[in-house]
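Next up, entry_12.cif (mmCIF, C-alpha atoms and all ligand atoms):
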```cif
data_work
loop_
_atom_site.label_atom_id
_atom_site.label_comp_id
_atom_site.auth_asym_id
_atom_site.auth_seq_id
_atom_site.Cartn_x
_atom_site.Cartn_y
_atom_site.Cartn_z
CA MET A 1324 0.00 0.00 0.00
CA SER A 1325 1.36 3.44 -0.94
CA GLN A 1326 1.81 6.20 1.62
CA PRO A 1327 -0.71 9.08 1.69
CA VAL A 1328 0.40 12.26 -0.07
CA GLU A 1329 0.48 15.59 1.78
CA PRO A 1330 -3.22 16.47 2.38
CA GLU A 1331 -4.87 19.68 1.11
CA LEU A 1332 -5.23 22.12 3.99
CA LEU A 1333 -8.67 23.02 5.25
CA SER A 1334 -10.03 26.20 3.71
CA ALA A 1335 -13.17 28.11 4.70
CA ASP A 1336 -13.52 29.40 1.12
CA ALA A 1337 -13.20 25.93 -0.42
CA ILE A 1338 -15.79 24.53 2.02
CA ALA A 1339 -18.19 27.46 1.40
CA GLY A 1340 -17.77 27.02 -2.38
CA ALA A 1341 -18.45 23.28 -2.19
CA LEU A 1342 -21.52 23.87 0.01
CA GLN A 1343 -22.84 26.39 -2.51
CA LYS A 1344 -22.43 23.87 -5.34
CA LEU A 1345 -24.40 21.39 -3.25
CA GLN A 1346 -27.07 24.05 -2.66
CA SER A 1347 -26.64 23.84 1.07
CA SER A 1348 -27.14 27.18 2.81
CA TYR A 1349 -27.66 26.18 6.44
CA TRP A 1350 -24.06 26.05 7.66
CA ARG A 1351 -21.41 28.67 8.48
CA VAL A 1352 -18.04 26.99 8.67
CA SER A 1353 -14.95 28.42 10.42
CA VAL A 1354 -11.52 26.90 10.03
CA VAL A 1355 -8.75 27.04 12.61
CA ASP A 1356 -5.27 25.62 12.54
CA GLU A 1357 -5.02 24.49 16.14
CA ILE A 1358 -7.45 24.40 19.06
CA ASP A 1359 -7.92 22.45 22.28
CA SER A 1360 -11.20 20.89 21.14
CA THR A 1361 -13.79 22.03 18.61
CA GLN A 1362 -16.43 20.89 21.13
CA ASN A 1363 -15.02 23.24 23.79
CA TYR A 1364 -14.90 26.10 21.30
CA LEU A 1365 -18.61 25.86 20.49
CA ARG A 1366 -19.53 25.43 24.16
CA THR A 1367 -17.87 28.72 25.05
CA SER A 1368 -18.59 30.86 21.96
CA ASN A 1369 -22.35 31.42 22.26
CA PRO A 1370 -23.00 29.65 18.92
CA LYS A 1371 -25.99 29.99 16.62
CA THR A 1372 -27.63 26.99 15.03
CA GLY A 1373 -25.68 25.98 11.93
CA ASP A 1374 -22.28 27.14 13.24
CA VAL A 1375 -19.51 24.68 12.39
CA ILE A 1376 -15.86 24.70 13.34
CA THR A 1377 -13.18 22.49 11.89
CA ALA A 1378 -9.51 22.27 12.91
CA GLU A 1379 -6.30 20.87 11.50
CA TYR A 1380 -5.27 19.79 14.98
CA GLN A 1381 -6.81 19.43 18.44
CA SER A 1382 -4.51 19.41 21.46
CA ALA A 1383 -7.25 18.04 23.75
CA GLY A 1384 -9.70 16.22 21.45
CA ARG A 1385 -12.38 14.41 23.42
CA GLY A 1386 -14.25 11.19 22.82
CA ARG A 1387 -17.23 9.68 24.58
CA LEU A 1388 -17.07 8.94 28.29
CA ASP A 1389 -14.23 11.43 28.82
CA ARG A 1390 -11.81 9.51 26.62
CA LYS A 1391 -9.13 11.23 24.56
CA PHE A 1392 -9.49 11.52 20.80
CA ASP A 1393 -6.12 12.03 19.17
CA ALA A 1394 -5.35 12.59 15.50
CA GLU A 1395 -2.13 13.57 13.76
CA LYS A 1396 -2.24 17.10 12.32
CA SER A 1397 -4.20 17.36 9.03
CA SER A 1398 -4.72 13.60 8.76
CA ALA A 1399 -8.30 13.63 10.03
CA LEU A 1400 -11.47 15.62 9.45
CA LEU A 1401 -12.31 17.04 12.88
CA PHE A 1402 -15.38 19.22 13.23
CA SER A 1403 -18.19 20.18 15.57
CA PHE A 1404 -21.50 21.82 14.80
CA TYR A 1405 -24.16 23.42 16.94
CA PHE A 1406 -27.77 22.54 16.26
CA GLU A 1407 -30.80 24.05 17.90
CA PRO A 1408 -34.01 22.21 17.01
CA GLU A 1409 -36.87 24.36 15.71
CA ASN A 1410 -39.40 22.57 17.88
CA SER A 1411 -38.69 21.11 21.25
CA ILE A 1412 -37.60 17.60 20.37
CA SER A 1413 -37.80 15.15 23.22
CA ASN A 1414 -35.84 12.37 21.56
CA LEU A 1415 -32.51 14.15 21.14
CA GLY A 1416 -30.98 10.73 21.87
CA TYR A 1417 -31.63 9.86 18.25
CA LEU A 1418 -29.47 12.75 17.02
CA THR A 1419 -26.20 10.83 17.43
CA LEU A 1420 -27.61 7.99 15.36
CA LEU A 1421 -28.92 10.41 12.73
CA VAL A 1422 -25.54 12.11 12.38
CA GLY A 1423 -23.77 8.73 12.35
CA ALA A 1424 -26.03 7.50 9.55
CA SER A 1425 -25.53 10.73 7.57
CA VAL A 1426 -21.74 10.53 7.90
CA THR A 1427 -21.74 6.82 7.03
CA ALA A 1428 -23.96 7.29 3.98
CA THR A 1429 -21.74 10.15 2.79
CA LEU A 1430 -18.58 8.05 3.17
CA ASN A 1431 -20.20 5.27 1.12
CA GLU A 1432 -21.22 7.80 -1.56
CA ALA A 1433 -17.82 9.52 -1.63
CA THR A 1434 -15.90 6.25 -1.99
CA ASN A 1435 -18.46 4.39 -4.07
CA SER A 1436 -18.66 1.72 -1.42
CA SER A 1437 -21.21 0.03 0.81
CA ASP A 1438 -18.73 -1.15 3.44
CA PHE A 1439 -18.99 1.82 5.79
CA LYS A 1440 -21.43 0.93 8.59
CA CYS A 1441 -22.69 2.42 11.84
CA LYS A 1442 -21.74 0.83 15.13
CA TRP A 1443 -24.14 1.73 17.94
CA PRO A 1444 -24.08 4.32 19.34
CA ASN A 1445 -21.40 6.57 17.88
CA ASP A 1446 -18.82 4.90 15.66
CA VAL A 1447 -18.45 4.45 11.93
CA LEU A 1448 -16.73 1.22 10.90
CA PHE A 1449 -15.17 -0.09 7.74
CA ASN A 1450 -15.12 -3.89 7.86
CA GLU A 1451 -15.36 -3.76 11.67
CA ALA A 1452 -12.43 -1.30 12.03
CA LYS A 1453 -13.24 2.13 13.50
CA ILE A 1454 -12.87 4.93 10.98
CA ALA A 1455 -14.85 7.69 12.72
CA GLY A 1456 -16.33 8.60 16.07
CA LEU A 1457 -19.07 11.00 17.13
CA LEU A 1458 -19.77 12.87 20.32
CA ALA A 1459 -23.07 14.64 21.09
CA GLU A 1460 -23.24 17.01 24.05
CA LYS A 1461 -26.40 18.85 25.12
CA THR A 1462 -26.39 22.51 26.04
CA SER A 1463 -29.28 24.37 27.67
CA THR A 1464 -30.65 25.28 24.22
CA GLY A 1465 -29.38 22.70 21.72
CA VAL A 1466 -26.72 20.14 20.95
CA ILE A 1467 -23.05 20.28 20.03
CA VAL A 1468 -22.10 17.35 17.87
CA GLY A 1469 -18.46 16.54 17.14
CA VAL A 1470 -17.20 14.22 14.44
CA GLY A 1471 -13.68 12.88 13.94
CA ILE A 1472 -12.93 10.92 10.77
CA ASN A 1473 -9.55 9.35 10.02
CA VAL A 1474 -9.06 10.48 6.43
CA SER A 1475 -5.46 10.04 5.31
CA THR A 1476 -4.03 8.58 8.52
CA ALA A 1477 -1.18 6.16 7.86
CA LYS A 1478 -1.07 2.85 9.72
CA ALA A 1479 1.69 3.92 12.10
CA ALA A 1480 -0.28 7.01 13.17
CA LEU A 1481 -3.54 5.25 14.04
CA PRO A 1482 -4.56 5.92 17.64
CA VAL A 1483 -5.61 2.31 18.36
CA ALA A 1484 -4.96 -1.04 16.69
CA HIS A 1485 -8.59 -1.68 15.73
CA ALA A 1486 -8.84 1.64 13.86
CA THR A 1487 -8.38 2.44 10.20
CA SER A 1488 -8.58 5.44 7.88
CA ILE A 1489 -10.37 6.13 4.61
CA PHE A 1490 -6.99 6.00 2.88
CA LEU A 1491 -5.99 2.66 4.41
CA ALA A 1492 -9.42 1.15 3.83
CA THR A 1493 -10.03 2.30 0.25
CA ASN A 1494 -6.69 3.60 -1.05
CA LEU A 1495 -8.47 6.89 -1.83
CA GLN A 1496 -7.19 10.21 -0.59
CA LEU A 1497 -10.28 12.36 -0.19
CA ASP A 1498 -10.13 16.14 -0.02
CA ARG A 1499 -11.38 17.10 3.46
CA ASN A 1500 -12.96 20.36 2.28
CA THR A 1501 -15.18 18.58 -0.22
CA LEU A 1502 -15.89 15.73 2.20
CA LEU A 1503 -16.98 18.13 4.94
CA ALA A 1504 -19.28 19.97 2.53
CA LYS A 1505 -20.86 16.69 1.37
CA ILE A 1506 -21.41 15.55 4.96
CA LEU A 1507 -22.96 18.87 5.96
CA ALA A 1508 -25.20 19.00 2.87
CA ASN A 1509 -26.53 15.49 3.55
CA LEU A 1510 -26.92 16.31 7.21
CA GLU A 1511 -28.93 19.43 6.42
CA GLY A 1512 -31.43 17.29 4.49
CA ASP A 1513 -31.61 14.64 7.22
CA LEU A 1514 -32.06 17.20 9.99
CA GLN A 1515 -34.85 18.90 8.02
CA GLU A 1516 -36.65 15.58 7.52
CA TRP A 1517 -36.22 14.68 11.19
CA GLN A 1518 -37.55 18.06 12.34
CA SER A 1519 -40.58 17.62 10.14
CA GLY A 1520 -41.39 14.44 12.06
CA ARG A 1521 -40.15 11.86 9.53
CA ASP A 1522 -39.07 8.53 11.04
CA LEU A 1523 -35.47 8.02 9.90
CA THR A 1524 -34.88 4.80 11.84
CA SER A 1525 -35.11 2.61 8.72
CA LYS A 1526 -32.26 4.63 7.19
CA TYR A 1527 -30.14 3.88 10.26
CA ARG A 1528 -31.13 0.18 10.33
CA ALA A 1529 -29.97 -0.24 6.73
CA LEU A 1530 -26.51 1.05 7.67
CA SER A 1531 -26.17 -0.65 11.06
CA ALA A 1532 -23.34 -3.12 11.68
CA THR A 1533 -24.68 -3.74 15.20
CA ILE A 1534 -28.22 -4.94 14.52
CA GLY A 1535 -28.04 -8.69 14.03
CA CYS A 1536 -24.77 -9.06 15.95
CA GLN A 1537 -24.03 -11.03 19.07
CA VAL A 1538 -22.77 -8.20 21.29
CA ARG A 1539 -21.32 -7.57 24.70
CA VAL A 1540 -22.61 -4.31 26.17
CA GLU A 1541 -20.50 -2.77 28.88
CA LEU A 1542 -22.73 -0.65 31.07
CA PRO A 1543 -21.77 2.50 32.99
CA ASP A 1544 -22.11 0.69 36.36
CA GLY A 1545 -19.30 -1.70 35.33
CA SER A 1546 -21.59 -4.67 34.60
CA SER A 1547 -21.94 -6.19 31.14
CA VAL A 1548 -24.48 -8.19 29.23
CA GLU A 1549 -24.19 -10.51 26.21
CA ALA A 1550 -27.10 -10.86 23.80
CA VAL A 1551 -28.07 -10.34 20.19
CA ALA A 1552 -28.74 -6.71 19.18
CA VAL A 1553 -32.08 -6.77 17.39
CA ASP A 1554 -33.13 -3.17 16.76
CA ILE A 1555 -32.89 0.51 17.55
CA ASP A 1556 -35.79 2.92 18.08
CA GLU A 1557 -36.58 6.60 17.51
CA THR A 1558 -35.15 7.52 20.94
CA GLY A 1559 -31.79 6.05 19.89
CA SER A 1560 -31.97 3.07 22.29
CA LEU A 1561 -30.55 -0.32 21.33
CA HIS A 1562 -32.86 -3.32 21.78
CA LEU A 1563 -31.43 -6.70 22.77
CA ASP A 1564 -33.07 -10.09 22.21
CA ASN A 1565 -33.30 -10.59 25.99
CA GLY A 1566 -35.75 -7.66 26.11
CA GLN A 1567 -33.25 -5.14 27.50
CA LEU A 1568 -33.18 -1.58 26.13
CA ILE A 1569 -29.75 0.05 26.24
CA THR A 1570 -29.49 3.84 26.32
CA VAL A 1571 -25.82 4.23 27.32
CA GLY A 1572 -23.00 1.75 27.00
CA ASP A 1573 -20.07 0.45 25.02
CA VAL A 1574 -20.83 -2.24 22.50
CA ILE A 1575 -18.41 -4.93 21.39
CA HIS A 1576 -19.36 -6.94 18.33
CA LEU A 1577 -18.70 -10.60 19.19
CA ASP A 1578 -20.10 -12.30 16.14
CA SER A 1579 -21.18 -10.07 13.32
CA LYS A 1580 -24.48 -10.30 11.53
CA LEU A 1581 -25.91 -13.59 12.83
CA SER A 1582 -29.15 -12.78 11.13
CA GLN A 1583 -27.87 -12.27 7.58
C1 LIG B 1 -15.49 8.84 20.16
O1 LIG B 1 -14.96 8.13 19.31
O2 LIG B 1 -15.66 8.49 21.34
C2 LIG B 1 -15.98 10.21 19.74
C3 LIG B 1 -14.91 11.00 19.08
C4 LIG B 1 -15.35 12.41 18.73
C5 LIG B 1 -14.17 13.23 18.25
C6 LIG B 1 -14.58 14.54 17.68
S1 LIG B 1 -13.24 15.30 16.82
C7 LIG B 1 -14.12 16.79 16.72
C8 LIG B 1 -14.82 16.98 18.05
N1 LIG B 1 -13.95 17.62 19.01
C9 LIG B 1 -13.64 16.83 20.04
O3 LIG B 1 -12.92 17.14 21.00
N2 LIG B 1 -14.24 15.63 19.89
C10 LIG B 1 -15.04 15.59 18.67
#
```
Is it possible to express this structure as structure tokens?
Ligand code: BTN
Amino acid sequence: MSQPVEPELLSADAIAGALQKLQSSYWRVSVVDEIDSTQNYLRTSNPKTGDVITAEYQSAGRGRLDRKFDAEKSSALLFSFYFEPENSISNLGYLTLLVGASVTATLNEATNSSDFKCKWPNDVLFNEAKIAGLLAEKTSTGVIVGVGINVSTAKAALPVAHATSIFLATNLQLDRNTLLAKILANLEGDLQEWQSGRDLTSKYRALSATIGCQVRVELPDGSSVEAVAVDIDETGSLHLDNGQLITVGDVIHLDSKLSQ
């Protein structure tokens, strides 16, 4: 496998131009070179709905459950957006799944693949290897959602052994400006549909690597359960074949797609 070439730098103009071509007018994207975390930035900058920030490098990138999220400079697409629902939406839990499905569908489109899948609740996988992670954090008025995608990361720079990058998985070196615009344009459509009351769970089911798997779920209290994941619902919960509904937890795929 060849090494990735030097990536194009992020550019606010290039992203705005690509969004315009895609007829997406919802987002305002700022680019920074270095920041602690794009999540922290939005939390402290009094954002408006549709504000997006993307960075070449984060010195204190965060993952779920207070984990670190590290990425070598310019090798990943790291961004956060602020979204304030038009109506009061009670099932904000579904938002992480909605964004995960939008990102996954866009990666499949952009690489002409069908191998990118969603792992409940917040990862995107390529053949069971993690390629992206999502983090949704509520504020008093809306949600800040952060996405980190390994784009051109070389094998030696991967943060964990079970991770991969778009480059390693597909041998394609995608331009992050165009990729971000495509993700945001698709997301705009999905968020609009969701706000209008459309049930998007079937879209998620079609992209899920978890539904149909024998899984181990590690729960926040330290206990774990093994069962088959059978479904998700419009609140974002995962349903197990033992009748349990999981709202928070880490999922490990033990035996993929028993049902297919
Ligand atoms: C996870 O895998 O647990 C979630 C990772 C989320 C990482 C993204 S990168 C952009 C945004 N800023 C952060 O500090 N975290 C999110």
- Using all atoms listed in the file: which of A:Phe1449, A:Tyr1380, A:Trp1350, A:Phe1490 has the shortest distance to Gln1326 in chain A: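 Closest candidate: A:Phe1490.
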Show me, as a PDB file with C-alpha atoms, in the coordinates of the input, the residues that have an atom within 12 Å of range 1479-1487 of chain A when counting all atoms listed in the file, minus same-chain residues fewer than 6 positions from it.
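Heads up, here's the output in result.pdb:
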```pdb
ATOM      1  CA  GLN A1326       1.810   6.200   1.620  1.00  0.00           C
ATOM      2  CA  PRO A1327      -0.710   9.080   1.690  1.00  0.00           C
ATOM      3  CA  LYS A1391      -9.130  11.230  24.560  1.00  0.00           C
ATOM      4  CA  PHE A1392      -9.490  11.520  20.800  1.00  0.00           C
ATOM      5  CA  ASP A1393      -6.120  12.030  19.170  1.00  0.00           C
ATOM      6  CA  ALA A1394      -5.350  12.590  15.500  1.00  0.00           C
ATOM      7  CA  GLU A1395      -2.130  13.570  13.760  1.00  0.00           C
ATOM      8  CA  LYS A1396      -2.240  17.100  12.320  1.00  0.00           C
ATOM      9  CA  SER A1397      -4.200  17.360   9.030  1.00  0.00           C
ATOM     10  CA  SER A1398      -4.720  13.600   8.760  1.00  0.00           C
ATOM     11  CA  ALA A1399      -8.300  13.630  10.030  1.00  0.00           C
ATOM     12  CA  PHE A1439     -18.990   1.820   5.790  1.00  0.00           C
ATOM     13  CA  ASP A1446     -18.820   4.900  15.660  1.00  0.00           C
ATOM     14  CA  VAL A1447     -18.450   4.450  11.930  1.00  0.00           C
ATOM     15  CA  LEU A1448     -16.730   1.220  10.900  1.00  0.00           C
ATOM     16  CA  PHE A1449     -15.170  -0.090   7.740  1.00  0.00           C
ATOM     17  CA  ASN A1450     -15.120  -3.890   7.860  1.00  0.00           C
ATOM     18  CA  GLU A1451     -15.360  -3.760  11.670  1.00  0.00           C
ATOM     19  CA  ALA A1452     -12.430  -1.300  12.030  1.00  0.00           C
ATOM     20  CA  LYS A1453     -13.240   2.130  13.500  1.00  0.00           C
ATOM     21  CA  ILE A1454     -12.870   4.930  10.980  1.00  0.00           C
ATOM     22  CA  ALA A1455     -14.850   7.690  12.720  1.00  0.00           C
ATOM     23  CA  GLY A1456     -16.330   8.600  16.070  1.00  0.00           C
ATOM     24  CA  ILE A1472     -12.930  10.920  10.770  1.00  0.00           C
ATOM     25  CA  ASN A1473      -9.550   9.350  10.020  1.00  0.00           C
ATOM     26  CA  THR A1493     -10.030   2.300   0.250  1.00  0.00           C
ATOM     27  CA  ASN A1494      -6.690   3.600  -1.050  1.00  0.00           C
ATOM     28  CA  ILE A1575     -18.410  -4.930  21.390  1.00  0.00           C
TER      29      ILE A1575
END
```
Chain A residues near ligand LIG 1 (chain B) within 10 Å, closest pair each, using only C-alpha atoms and all ligand atoms, as a Markdown table:
```
| residue | atom | partner | partner_atom | distance |
| --- | --- | --- | --- | --- |
| A:Ile1358 | CA | B:LIG1 | O3 | 9.3 |
| A:Asp1359 | CA | B:LIG1 | O3 | 7.4 |
| A:Ser1360 | CA | B:LIG1 | O3 | 4.1 |
| A:Thr1361 | CA | B:LIG1 | N1 | 4.4 |
| A:Gln1362 | CA | B:LIG1 | N1 | 4.6 |
| A:Asn1363 | CA | B:LIG1 | O3 | 7.0 |
| A:Tyr1364 | CA | B:LIG1 | N1 | 8.8 |
| A:Leu1365 | CA | B:LIG1 | N1 | 9.6 |
| A:Ile1376 | CA | B:LIG1 | C7 | 8.8 |
| A:Thr1377 | CA | B:LIG1 | C7 | 7.5 |
| A:Ala1378 | CA | B:LIG1 | C7 | 8.1 |
| A:Tyr1380 | CA | B:LIG1 | S1 | 9.3 |
| A:Gln1381 | CA | B:LIG1 | O3 | 7.0 |
| A:Ser1382 | CA | B:LIG1 | O3 | 8.7 |
| A:Ala1383 | CA | B:LIG1 | O3 | 6.4 |
| A:Gly1384 | CA | B:LIG1 | O3 | 3.4 |
| A:Arg1385 | CA | B:LIG1 | O3 | 3.7 |
| A:Gly1386 | CA | B:LIG1 | O2 | 3.4 |
| A:Arg1387 | CA | B:LIG1 | O2 | 3.8 |
| A:Leu1388 | CA | B:LIG1 | O2 | 7.1 |
| A:Asp1389 | CA | B:LIG1 | O2 | 8.2 |
| A:Arg1390 | CA | B:LIG1 | O2 | 6.6 |
| A:Lys1391 | CA | B:LIG1 | O2 | 7.8 |
| A:Phe1392 | CA | B:LIG1 | C5 | 5.6 |
| A:Asp1393 | CA | B:LIG1 | S1 | 8.2 |
| A:Ala1394 | CA | B:LIG1 | S1 | 8.4 |
| A:Ala1399 | CA | B:LIG1 | S1 | 8.6 |
| A:Leu1400 | CA | B:LIG1 | S1 | 7.6 |
| A:Leu1401 | CA | B:LIG1 | C7 | 4.3 |
| A:Phe1402 | CA | B:LIG1 | C7 | 4.4 |
| A:Ser1403 | CA | B:LIG1 | C8 | 5.3 |
| A:Phe1404 | CA | B:LIG1 | C8 | 8.9 |
| A:Pro1444 | CA | B:LIG1 | O2 | 9.6 |
| A:Asn1445 | CA | B:LIG1 | C1 | 6.7 |
| A:Asp1446 | CA | B:LIG1 | O1 | 6.2 |
| A:Val1447 | CA | B:LIG1 | O1 | 9.0 |
| A:Lys1453 | CA | B:LIG1 | O1 | 8.5 |
| A:Ile1454 | CA | B:LIG1 | O1 | 9.2 |
| A:Ala1455 | CA | B:LIG1 | O1 | 6.6 |
| A:Gly1456 | CA | B:LIG1 | O1 | 3.5 |
| A:Leu1457 | CA | B:LIG1 | C2 | 4.1 |
| A:Leu1458 | CA | B:LIG1 | C2 | 4.7 |
| A:Ala1459 | CA | B:LIG1 | C4 | 8.4 |
| A:Glu1460 | CA | B:LIG1 | C10 | 9.9 |
| A:Ile1467 | CA | B:LIG1 | C8 | 9.1 |
| A:Val1468 | CA | B:LIG1 | C8 | 7.3 |
| A:Gly1469 | CA | B:LIG1 | C8 | 3.8 |
| A:Val1470 | CA | B:LIG1 | C6 | 4.2 |
| A:Gly1471 | CA | B:LIG1 | S1 | 3.8 |
| A:Ile1472 | CA | B:LIG1 | S1 | 7.5 |
| A:Asn1473 | CA | B:LIG1 | S1 | 9.8 |
| A:Asp1573 | CA | B:LIG1 | O2 | 9.9 |
```
- Protein/DNA/RNA residues near (-5.1, 13.0, 0.3), cut 7 Å, only C-alpha atoms, as a list in words: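 I get Pro1327, Val1328, Glu1329, Pro1330, Glu1331, Ser1475, Gln1496, Leu1497 and Asp1498 of chain A for the residues within 7 Å of that point.
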- Among the residues A:Ser1334, A:Ser1488, A:Asn1369, A:Ser1437, the one that comes closest to Thr1464 in chain A [using only C-alpha atoms]: A:Asn1369
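One finds CA of Gly1535 in chain A at 21.0 Å from CA of Val1422 in chain A.
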- Message: Restricting the calculation to all atoms listed in the file: of A:Thr1558, A:Asn1431, A:Asp1438, A:Asp1374, which residue gets closest to Leu1502 in chain A?
- Response: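 Answer, going by the shortest atom-to-atom distance: A:Asn1431.
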- Note on the structure: Separating CA of Val1375 in chain A from CA of Ser1353 in chain A, to the nearest tenth of an Å, is a gap of 6.2 Å
Kindly provide, as a CSV table (one decimal) with C-alpha atoms, in the coordinates of the input, the polymer residues lying within 8 Å of (-24.6, 23.4, 7.9), counting all atoms listed in the file and using the coordinates exactly as they appear in the file.
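Output saved as selection.csv:
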```
chain,number,residue,atom,x,y,z
A,1347,SER,CA,-26.6,23.8,1.1
A,1348,SER,CA,-27.1,27.2,2.8
A,1349,TYR,CA,-27.7,26.2,6.4
A,1350,TRP,CA,-24.1,26.0,7.7
A,1351,ARG,CA,-21.4,28.7,8.5
A,1352,VAL,CA,-18.0,27.0,8.7
A,1373,GLY,CA,-25.7,26.0,11.9
A,1374,ASP,CA,-22.3,27.1,13.2
A,1375,VAL,CA,-19.5,24.7,12.4
A,1404,PHE,CA,-21.5,21.8,14.8
A,1507,LEU,CA,-23.0,18.9,6.0
A,1508,ALA,CA,-25.2,19.0,2.9
A,1510,LEU,CA,-26.9,16.3,7.2
A,1511,GLU,CA,-28.9,19.4,6.4
```
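Candidate residues A:Ser1547, A:Asn1410, A:Gln1515, A:Thr1419 were compared for distance to Tyr1527 in chain A, and the nearest is A:Thr1419, using only C-alpha atoms.
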- Message: I'd like the contact shell of Leu1491 in chain A - 8 Å cut-off, only C-alpha atoms, skipping same-chain residues fewer than 6 positions apart - returned as a ChimeraX atom specification.
- Response: /A:1324,1475-1478
- Message: Set the distance at 12 Å and use all atoms listed in the file: which residues neighbour Ile1555 in chain A once local chain neighbours fewer than 3 positions away are removed? I'd like the list as a ChimeraX atom specification.
- Response: /A:1416-1417,1420-1421,1441-1444,1523-1535,1552,1558-1564,1567-1570
- Just how far from CA of Val1474 in chain A is CA of Val1538 in chain A, in Å to one decimal? 27.5 Å
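Here the question is which of A:Asp1578, A:Asp1522, A:Asp1544, A:Glu1407 gets nearest to Asp1556 in chain A using only C-alpha atoms, and that residue is A:Asp1522.
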- Query: Taking all atoms listed in the file into account, which of A:Val1426, A:Thr1462, A:Glu1557, A:Ala1433 comes nearest Gly1520 in chain A?
  - Reply: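 Of A:Val1426, A:Thr1462, A:Glu1557, A:Ala1433, the one nearest Gly1520 in chain A, counting all atoms listed in the file, is A:Glu1557.
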